[in-house]
Amino acid sequence: MGPRACLLGLLALFVAGKCSYSPEPDQQWTLPPGWVSLGRADPEEELSLTFALRQQNLERLSELVQAVSDPGSSRYVGGLHRFPPTSTLRQRPEPQVPGTVGLHLGVTPSVIRERYNLTAQDVGSGTTNNSQACAQFLEQYFHESDLAEFMRLFGGNFAHQASVARVVGQQGRGQAGIEASLDVEYLMSAGANISTWVYSSPGRHESQEPFLQWLLLLSNESALPHVHTVSYGDDEDSLSSAYIQRVNTELMKAAARGLTLLFASGDSGAGCWSVSGRHRFRPSFPASSPYVTTVGGTSFRNPFRVTDEVVDYISGGGFSNVFPRPSYQEEAVAQYLSSSPHLPPSSYFNASGRAYPDVAALSDGYWVVSNHVPIPWVSGTSASTPVFGGLLSLINEHRILRGLPPLGFLNPRLYQQHGEGLFDVTRGCHESCLNEEVEGQGFCSGPGWDPVTGWGTPNFPALLKTLINP
């Protein structure tokens, strides 16, 4: 009998009540740091269990991801699963350079399009099988009526879709969540006129987002959107080692399949926690996974004008305490560590860890419609992530129309091209521990890649030119 059959048989015995487990009277349970035992669960309480087999050949899978995602590799295809294009090539017009710097009273789709140099023609054609998706967790739900009202208010100057093509999972009733509303509205206005799915995963794992539940759902589907954006994350140290490694394995599988997964870098700067009485920065996961593209945040230099960008002080970033630095970012990170004049003390971070974010976009002062009410000044990398994802979907549209595969896992290409097609953000630092040693300052931005804004923010025509080639 194979391991899967054994597992199913054991589960059947538990469900039938013919098998149970009771610890010895003197057996001691070890709780994770920060957890408190609340006693035995009520016999009538329903529990959701996930049974997973130990994953094998992970080194080979990692090598495969690098091979199929690296444009310099003879095996580069952007991923293993591809769907044929159904349309013909469409030429993009030359962008119009605005004559004046625009005033604004908060970030809207028009402000995004002006800053990142999109024209009215930079929308989906509606004739390809291109698609994009976002995920909602923690009982956050969007409302179709809010999306329609958002597009009525802010989508008048570009072609768009005012409804989601498909909801996968349980879409709850009741009040809409600002997080879920923000994600859908800005993914669909940045990636305008492109079919959009929403993955809804209610419930909790270790009191937090059930990322594994969502990823297993993706693994069990053959036809998926090409770009997925996720505006949720947890502190690395808040998750068990087994869980974080299994989630990372599923992210690796998604990268091997050619999915572009974007995660928000977080809204706590470098973060801060105390380890054995000493302060350290606190990285976020899945932002710290080597197999996702992580998006940081920026603000306008002048908050009421469409200007160049500076660091948004909340923009998450830093170095993983779990995952080593991947080879694709070795040169960029080493350059930053050797040249930055404002590095924090080395005891605060793991300089050999996976460094993030990879890119950034505006994260400050958005307008959102939620529960029929336009709400101003919504901020966070939860905003920058769907914006960047939507622009990648537009680039995928051009690639599909040329008969090319979608972008797939972006990071190897992004680092090889040294951020070409992005506005470099070189001013500002993000927040961290409020103590005398670092005085609330984490890492600072600088020329090239940095652990606050990555390679920078999108200049759409230049980024399209960089990524349209095979």
# chains A, B, ... in the order shown; residues from 1 in each chain; ligands from 1

call {"tool": "residues_around", "arguments": {"residues": "Gly174 (chain A)", "least_positions_apart": "6", "cutoff": "12 Å", "atoms": "only C-alpha atoms", "output": "PyMOL selection string"}}
result
chain A and resi 139-143+370-371

call {"tool": "residues_around", "arguments": {"residues": "region 381-386 of chain A", "least_positions_apart": "5", "cutoff": "7 Å", "atoms": "only C-alpha atoms", "output": "mmCIF file with N, CA and C atoms, in the first residue's frame"}}
result
data_model
loop_
_atom_site.group_PDB
_atom_site.id
_atom_site.type_symbol
_atom_site.label_atom_id
_atom_site.label_comp_id
_atom_site.auth_asym_id
_atom_site.auth_seq_id
_atom_site.Cartn_x
_atom_site.Cartn_y
_atom_site.Cartn_z
ATOM 1 N N LEU A 182 -9.826 47.306 -2.393
ATOM 2 C CA LEU A 182 -8.623 47.924 -2.963
ATOM 3 C C LEU A 182 -7.962 47.001 -3.974
ATOM 4 N N ASP A 183 -7.788 45.734 -3.611
ATOM 5 C CA ASP A 183 -7.092 44.794 -4.487
ATOM 6 C C ASP A 183 -7.777 44.651 -5.835
ATOM 7 N N TYR A 186 -7.894 48.124 -8.070
ATOM 8 C CA TYR A 186 -6.663 48.609 -8.701
ATOM 9 C C TYR A 186 -5.993 47.565 -9.578
ATOM 10 N N LEU A 187 -6.230 46.283 -9.345
ATOM 11 C CA LEU A 187 -5.772 45.292 -10.316
ATOM 12 C C LEU A 187 -6.520 45.475 -11.630
ATOM 13 N N THR A 229 -1.830 38.471 -7.690
ATOM 14 C CA THR A 229 -1.340 39.430 -6.712
ATOM 15 C C THR A 229 -1.952 39.123 -5.350
ATOM 16 N N SER A 231 -1.984 40.683 -1.333
ATOM 17 C CA SER A 231 -1.668 41.830 -0.479
ATOM 18 C C SER A 231 -1.683 41.457 1.003
ATOM 19 N N LEU A 262 2.918 37.941 -7.281
ATOM 20 C CA LEU A 262 3.397 39.161 -6.642
ATOM 21 C C LEU A 262 2.814 39.251 -5.236
ATOM 22 N N PHE A 263 3.679 39.561 -4.262
ATOM 23 C CA PHE A 263 3.259 39.721 -2.873
ATOM 24 C C PHE A 263 3.654 41.101 -2.359
ATOM 25 N N ALA A 264 2.784 41.673 -1.538
ATOM 26 C CA ALA A 264 3.102 42.936 -0.880
ATOM 27 C C ALA A 264 4.249 42.737 0.103
ATOM 28 N N SER A 265 5.130 43.744 0.197
ATOM 29 C CA SER A 265 6.303 43.621 1.071
ATOM 30 C C SER A 265 5.974 43.889 2.526
ATOM 31 N N GLY A 266 4.771 44.414 2.805
ATOM 32 C CA GLY A 266 4.389 44.718 4.179
ATOM 33 C C GLY A 266 4.421 46.203 4.458
ATOM 34 N N ASP A 267 3.830 46.596 5.585
ATOM 35 C CA ASP A 267 3.664 48.013 5.915
ATOM 36 C C ASP A 267 4.319 48.384 7.240
ATOM 37 N N VAL A 295 6.664 43.454 -3.856
ATOM 38 C CA VAL A 295 6.425 44.843 -4.255
ATOM 39 C C VAL A 295 6.438 45.759 -3.031
ATOM 40 N N GLY A 296 7.357 46.716 -3.039
ATOM 41 C CA GLY A 296 7.432 47.718 -1.987
ATOM 42 C C GLY A 296 6.593 48.937 -2.318
ATOM 43 N N GLY A 297 6.769 50.013 -1.534
ATOM 44 C CA GLY A 297 5.905 51.179 -1.685
ATOM 45 C C GLY A 297 6.648 52.496 -1.756
ATOM 46 N N SER A 315 7.136 51.137 3.765
ATOM 47 C CA SER A 315 7.434 50.084 2.787
ATOM 48 C C SER A 315 8.254 48.958 3.409
ATOM 49 N N ALA A 360 8.723 48.209 -6.821
ATOM 50 C CA ALA A 360 7.845 49.031 -5.992
ATOM 51 C C ALA A 360 6.851 49.772 -6.881
ATOM 52 N N ALA A 361 5.888 50.411 -6.228
ATOM 53 C CA ALA A 361 4.934 51.298 -6.899
ATOM 54 C C ALA A 361 4.331 52.195 -5.831
ATOM 55 N N LEU A 362 3.559 53.175 -6.264
ATOM 56 C CA LEU A 362 2.916 54.092 -5.318
ATOM 57 C C LEU A 362 2.075 53.321 -4.299
ATOM 58 N N SER A 363 2.204 53.708 -3.026
ATOM 59 C CA SER A 363 1.466 53.011 -1.972
ATOM 60 C C SER A 363 0.770 53.979 -1.019
#

call {"tool": "closest_residue", "arguments": {"among": "A:Gly177, A:Gly258, A:Pro283, A:Gly191", "to": "Phe158 (chain A)", "atoms": "only C-alpha atoms"}}
result
A:Gly191

call {"tool": "residues_around", "arguments": {"residues": "Gly442 (chain A)", "least_positions_apart": "3", "cutoff": "7 Å", "atoms": "only C-alpha atoms", "output": "PDB file with C-alpha atoms, in the first residue's frame"}}
result
ATOM      1  CA  GLY A 269       9.287  48.991   7.223  1.00  0.00           C
ATOM      2  CA  ALA A 270      12.103  46.712   8.339  1.00  0.00           C
ATOM      3  CA  PRO A 344      22.031  49.490  10.034  1.00  0.00           C
ATOM      4  CA  CYS A 429      14.475  55.398   4.334  1.00  0.00           C
ATOM      5  CA  HIS A 430      11.869  53.172   5.916  1.00  0.00           C
ATOM      6  CA  GLU A 431      10.988  52.726   9.588  1.00  0.00           C
ATOM      7  CA  SER A 432      12.286  50.155  12.081  1.00  0.00           C
TER       8      SER A 432
END

call {"tool": "closest_residue", "arguments": {"among": "A:Gly155, A:Thr426, A:His398, A:Gly446", "to": "Pro470 (chain A)", "atoms": "only C-alpha atoms"}}
result
A:His398

call {"tool": "select_by_dssp", "arguments": {"residues": "region 205-281 of chain A", "states": "helix (DSSP H, G or I)", "output": "ChimeraX atom specification"}}
result
/A:211-219,236-238,241-256

call {"tool": "write_last_selection", "arguments": {"atoms": "C-alpha atoms", "output": "mmCIF file, in the first residue's frame"}}
result
data_model
loop_
_atom_site.group_PDB
_atom_site.id
_atom_site.type_symbol
_atom_site.label_atom_id
_atom_site.label_comp_id
_atom_site.auth_asym_id
_atom_site.auth_seq_id
_atom_site.Cartn_x
_atom_site.Cartn_y
_atom_site.Cartn_z
ATOM 1 C CA PHE A 211 -1.862 30.409 2.181
ATOM 2 C CA LEU A 212 -1.356 26.676 1.754
ATOM 3 C CA GLN A 213 -5.055 26.115 1.129
ATOM 4 C CA TRP A 214 -4.970 28.714 -1.653
ATOM 5 C CA LEU A 215 -1.767 27.338 -3.194
ATOM 6 C CA LEU A 216 -3.005 23.741 -3.187
ATOM 7 C CA LEU A 217 -6.072 24.972 -5.039
ATOM 8 C CA LEU A 218 -3.792 26.516 -7.688
ATOM 9 C CA SER A 219 -1.744 23.311 -7.900
ATOM 10 C CA GLU A 236 8.383 34.962 9.368
ATOM 11 C CA ASP A 237 8.788 34.051 13.029
ATOM 12 C CA SER A 238 5.005 33.767 13.582
ATOM 13 C CA SER A 241 9.060 25.987 10.197
ATOM 14 C CA ALA A 242 7.208 23.051 8.631
ATOM 15 C CA TYR A 243 4.398 25.283 7.399
ATOM 16 C CA ILE A 244 6.602 28.034 5.997
ATOM 17 C CA GLN A 245 8.749 25.501 4.114
ATOM 18 C CA ARG A 246 5.704 23.740 2.646
ATOM 19 C CA VAL A 247 4.174 27.022 1.503
ATOM 20 C CA ASN A 248 7.510 27.940 -0.082
ATOM 21 C CA THR A 249 7.561 24.599 -1.910
ATOM 22 C CA GLU A 250 4.146 25.359 -3.412
ATOM 23 C CA LEU A 251 5.385 28.811 -4.438
ATOM 24 C CA MET A 252 8.319 27.089 -6.144
ATOM 25 C CA LYS A 253 5.898 24.830 -8.018
ATOM 26 C CA ALA A 254 3.900 27.855 -9.165
ATOM 27 C CA ALA A 255 7.089 29.493 -10.452
ATOM 28 C CA ALA A 256 7.987 26.297 -12.328
#

call {"tool": "residues_around", "arguments": {"residues": "Pro109 (chain A)", "least_positions_apart": "5", "cutoff": "9 Å", "atoms": "only C-alpha atoms", "output": "ChimeraX atom specification"}}
result
/A:114,154-155,186,189-190,367

call {"tool": "atom_distance", "arguments": {"atom1": "CA of Tyr291 (chain A)", "atom2": "CA of Arg257 (chain A)"}}
result
11.6 Å

call {"tool": "select_by_dssp", "arguments": {"residues": "region 337-404 of chain A", "states": "strand (DSSP E)", "output": "ChimeraX atom specification"}}
result
/A:353-356,359-362,366-370,373-378

call {"tool": "atom_distance", "arguments": {"atom1": "CA of Phe300 (chain A)", "atom2": "CA of Val123 (chain A)"}}
result
24.4 Å

call {"tool": "closest_residue", "arguments": {"among": "A:Arg427, A:Arg301, A:Arg399, A:Arg280", "to": "Thr128 (chain A)", "atoms": "only C-alpha atoms"}}
result
A:Arg399

call {"tool": "residues_around", "arguments": {"residues": "region 333-342 of chain A", "least_positions_apart": "4", "cutoff": "7 Å", "atoms": "only C-alpha atoms", "output": "PyMOL selection string"}}
result
chain A and resi 329+444+449-450

call {"tool": "residues_around", "arguments": {"residues": "Val164 (chain A)", "least_positions_apart": "5", "cutoff": "8 Å", "atoms": "only C-alpha atoms", "output": "mmCIF file with C-alpha atoms, in the first residue's frame"}}
result
data_model
loop_
_atom_site.group_PDB
_atom_site.id
_atom_site.type_symbol
_atom_site.label_atom_id
_atom_site.label_comp_id
_atom_site.auth_asym_id
_atom_site.auth_seq_id
_atom_site.Cartn_x
_atom_site.Cartn_y
_atom_site.Cartn_z
ATOM 1 C CA GLU A 144 -19.424 43.757 -7.342
ATOM 2 C CA SER A 195 -10.306 39.185 -17.491
ATOM 3 C CA THR A 196 -9.916 39.035 -13.703
ATOM 4 C CA TRP A 197 -10.480 36.235 -11.198
ATOM 5 C CA VAL A 198 -10.737 36.473 -7.420
#

call {"tool": "residues_around", "arguments": {"residues": "Asp424 (chain A)", "least_positions_apart": "6", "cutoff": "12 Å", "atoms": "only C-alpha atoms", "output": "CSV table (one decimal) with all heavy atoms, in the first residue's frame"}}
result
chain,number,residue,atom,x,y,z
A,298,THR,N,6.1,53.5,-2.5
A,298,THR,CA,6.6,54.8,-2.6
A,298,THR,C,5.5,55.8,-2.4
A,298,THR,O,4.3,55.5,-2.4
A,298,THR,CB,7.2,55.0,-4.0
A,298,THR,OG1,6.2,54.8,-5.0
A,298,THR,CG2,8.3,54.0,-4.3
A,308,ASP,N,8.1,62.9,-9.3
A,308,ASP,CA,8.9,61.7,-9.0
A,308,ASP,C,8.6,61.2,-7.6
A,308,ASP,O,8.0,61.8,-6.8
A,308,ASP,CB,10.4,62.0,-9.2
A,308,ASP,CG,10.9,63.1,-8.3
A,308,ASP,OD1,10.1,63.9,-7.8
A,308,ASP,OD2,12.2,63.2,-8.1
A,309,GLU,N,9.2,60.0,-7.4
A,309,GLU,CA,8.8,59.3,-6.1
A,309,GLU,C,9.9,59.1,-5.1
A,309,GLU,O,11.1,59.1,-5.5
A,309,GLU,CB,8.2,57.9,-6.5
A,309,GLU,CG,7.0,57.9,-7.3
A,309,GLU,CD,6.7,56.6,-8.1
A,309,GLU,OE1,6.4,55.6,-7.4
A,309,GLU,OE2,6.9,56.6,-9.3
A,310,VAL,N,9.5,59.1,-3.9
A,310,VAL,CA,10.5,58.8,-2.8
A,310,VAL,C,10.0,57.6,-2.0
A,310,VAL,O,8.9,57.1,-2.2
A,310,VAL,CB,10.6,60.0,-1.9
A,310,VAL,CG1,11.2,61.2,-2.6
A,310,VAL,CG2,9.3,60.4,-1.2
A,311,VAL,N,10.8,57.1,-1.1
A,311,VAL,CA,10.4,56.0,-0.2
A,311,VAL,C,9.1,56.3,0.6
A,311,VAL,O,9.0,57.4,1.2
A,311,VAL,CB,11.5,55.6,0.7
A,311,VAL,CG1,11.1,54.6,1.8
A,311,VAL,CG2,12.7,55.0,-0.1
A,358,ASP,N,11.6,43.4,-4.6
A,358,ASP,CA,12.2,43.4,-5.9
A,358,ASP,C,11.9,44.6,-6.7
A,358,ASP,O,12.7,45.0,-7.6
A,358,ASP,CB,11.7,42.1,-6.7
A,358,ASP,CG,12.0,40.9,-5.8
A,358,ASP,OD1,13.2,40.6,-5.6
A,358,ASP,OD2,11.1,40.2,-5.5
A,359,VAL,N,10.7,45.1,-6.6
A,359,VAL,CA,10.2,46.3,-7.3
A,359,VAL,C,9.3,47.1,-6.3
A,359,VAL,O,9.1,46.8,-5.2
A,359,VAL,CB,9.4,45.9,-8.5
A,359,VAL,CG1,10.2,45.2,-9.6
A,359,VAL,CG2,8.2,45.0,-8.2
A,360,ALA,N,8.7,48.2,-6.8
A,360,ALA,CA,7.8,49.0,-6.0
A,360,ALA,C,6.9,49.8,-6.9
A,360,ALA,O,7.0,49.8,-8.1
A,360,ALA,CB,8.7,50.0,-5.2
A,361,ALA,N,5.9,50.4,-6.2
A,361,ALA,CA,4.9,51.3,-6.9
A,361,ALA,C,4.3,52.2,-5.8
A,361,ALA,O,4.5,52.0,-4.6
A,361,ALA,CB,3.9,50.5,-7.6
A,418,HIS,N,19.0,44.4,-14.6
A,418,HIS,CA,19.4,45.5,-13.7
A,418,HIS,C,18.3,46.6,-13.6
A,418,HIS,O,18.6,47.8,-13.6
A,418,HIS,CB,20.7,46.1,-14.1
A,418,HIS,CG,21.8,45.1,-14.0
A,418,HIS,ND1,22.2,44.4,-15.1
A,418,HIS,CD2,22.6,44.7,-13.0
A,418,HIS,CE1,23.2,43.6,-14.8
A,418,HIS,NE2,23.5,43.8,-13.5
A,445,SER,N,17.1,53.9,0.6
A,445,SER,CA,17.2,53.6,-0.8
A,445,SER,C,18.5,54.2,-1.4
A,445,SER,O,19.1,55.0,-0.7
A,445,SER,CB,16.0,54.2,-1.5
A,445,SER,OG,15.9,55.6,-1.4
A,446,GLY,N,18.8,53.8,-2.5
A,446,GLY,CA,20.0,54.3,-3.2
A,446,GLY,C,20.0,53.9,-4.7
A,446,GLY,O,19.0,53.3,-5.1
A,447,PRO,N,21.0,54.3,-5.4
A,447,PRO,CA,21.0,53.9,-6.9
A,447,PRO,C,21.0,52.4,-7.1
A,447,PRO,O,21.7,51.7,-6.3
A,447,PRO,CB,22.4,54.5,-7.3
A,447,PRO,CG,22.7,55.6,-6.3
A,447,PRO,CD,22.1,55.1,-5.0
A,448,GLY,N,20.2,52.0,-8.0
A,448,GLY,CA,20.1,50.5,-8.3
A,448,GLY,C,19.2,49.9,-7.3
A,448,GLY,O,18.3,50.5,-6.8
A,449,TRP,N,19.4,48.6,-7.1
A,449,TRP,CA,18.5,47.8,-6.2
A,449,TRP,C,18.8,48.2,-4.7
A,449,TRP,O,20.0,48.5,-4.3
A,449,TRP,CB,18.8,46.3,-6.3
A,449,TRP,CG,17.9,45.5,-5.4
A,449,TRP,CD1,16.7,45.1,-5.7
A,449,TRP,CD2,18.2,45.2,-4.0
A,449,TRP,NE1,16.1,44.4,-4.5
A,449,TRP,CE2,17.1,44.5,-3.5
A,449,TRP,CE3,19.3,45.4,-3.2
A,449,TRP,CZ2,17.0,44.0,-2.2
A,449,TRP,CZ3,19.2,44.9,-1.9
A,449,TRP,CH2,18.1,44.2,-1.4
A,450,ASP,N,17.7,48.3,-3.9
A,450,ASP,CA,17.9,48.5,-2.5
A,450,ASP,C,16.7,47.7,-1.8
A,450,ASP,O,15.7,47.4,-2.4
A,450,ASP,CB,17.8,50.0,-2.1
A,450,ASP,CG,16.6,50.7,-2.6
A,450,ASP,OD1,15.5,50.4,-2.0
A,450,ASP,OD2,16.7,51.5,-3.5
A,452,VAL,N,14.4,48.5,0.1
A,452,VAL,CA,13.2,49.4,0.4
A,452,VAL,C,12.3,49.5,-0.8
A,452,VAL,O,11.1,49.4,-0.6
A,452,VAL,CB,13.7,50.8,0.8
A,452,VAL,CG1,12.5,51.6,1.5
A,452,VAL,CG2,14.9,50.7,1.8
A,453,THR,N,12.8,49.8,-2.0
A,453,THR,CA,12.0,49.9,-3.2
A,453,THR,C,12.5,49.0,-4.3
A,453,THR,O,12.0,49.1,-5.4
A,453,THR,CB,12.0,51.3,-3.7
A,453,THR,OG1,13.4,51.7,-4.0
A,453,THR,CG2,11.5,52.3,-2.7
A,454,GLY,N,13.4,48.0,-4.0
A,454,GLY,CA,13.8,47.1,-5.0
A,454,GLY,C,14.5,47.9,-6.1
A,454,GLY,O,15.3,48.8,-5.9
A,455,TRP,N,14.2,47.5,-7.4
A,455,TRP,CA,14.8,48.1,-8.5
A,455,TRP,C,14.0,49.4,-8.9
A,455,TRP,O,14.5,50.2,-9.7
A,455,TRP,CB,14.7,47.2,-9.7
A,455,TRP,CG,15.7,46.1,-9.7
A,455,TRP,CD1,15.5,44.8,-9.5
A,455,TRP,CD2,17.1,46.2,-9.9
A,455,TRP,NE1,16.7,44.1,-9.5
A,455,TRP,CE2,17.7,44.9,-9.7
A,455,TRP,CE3,18.0,47.3,-10.2
A,455,TRP,CZ2,19.1,44.7,-9.9
A,455,TRP,CZ3,19.4,47.0,-10.3
A,455,TRP,CH2,19.9,45.7,-10.2
A,456,GLY,N,12.9,49.7,-8.3
A,456,GLY,CA,12.1,50.9,-8.6
A,456,GLY,C,10.7,50.7,-9.0
A,456,GLY,O,10.2,49.6,-8.9
A,457,THR,N,10.1,51.7,-9.6
A,457,THR,CA,8.7,51.7,-10.0
A,457,THR,C,8.6,51.7,-11.5
A,457,THR,O,9.5,52.1,-12.2
A,457,THR,CB,8.0,53.0,-9.4
A,457,THR,OG1,8.6,54.2,-9.9
A,457,THR,CG2,8.2,53.0,-7.9
A,458,PRO,N,7.4,51.3,-12.0
A,458,PRO,CA,7.3,51.1,-13.5
A,458,PRO,C,7.2,52.3,-14.3
A,458,PRO,O,6.5,53.2,-14.0
A,458,PRO,CB,6.0,50.2,-13.6
A,458,PRO,CG,5.2,50.6,-12.4
A,458,PRO,CD,6.2,50.9,-11.3
A,459,ASN,N,8.0,52.4,-15.4
A,459,ASN,CA,7.9,53.3,-16.5
A,459,ASN,C,7.3,52.5,-17.6
A,459,ASN,O,8.1,51.8,-18.3
A,459,ASN,CB,9.2,54.0,-16.8
A,459,ASN,CG,9.1,54.9,-18.0
A,459,ASN,OD1,8.0,55.2,-18.5
A,459,ASN,ND2,10.2,55.4,-18.5

call {"tool": "closest_residue", "arguments": {"among": "A:Val36, A:Ala165, A:Ala133, A:Leu239", "to": "Pro225 (chain A)", "atoms": "only C-alpha atoms"}}
result
A:Ala133

call {"tool": "closest_residue", "arguments": {"among": "A:Arg305, A:Arg204, A:Arg173, A:His279", "to": "Leu105 (chain A)", "atoms": "only C-alpha atoms"}}
result
A:Arg305

call {"tool": "atom_distance", "arguments": {"atom1": "CA of Glu149 (chain A)", "atom2": "CA of Asn396 (chain A)"}}
result
27.2 Å
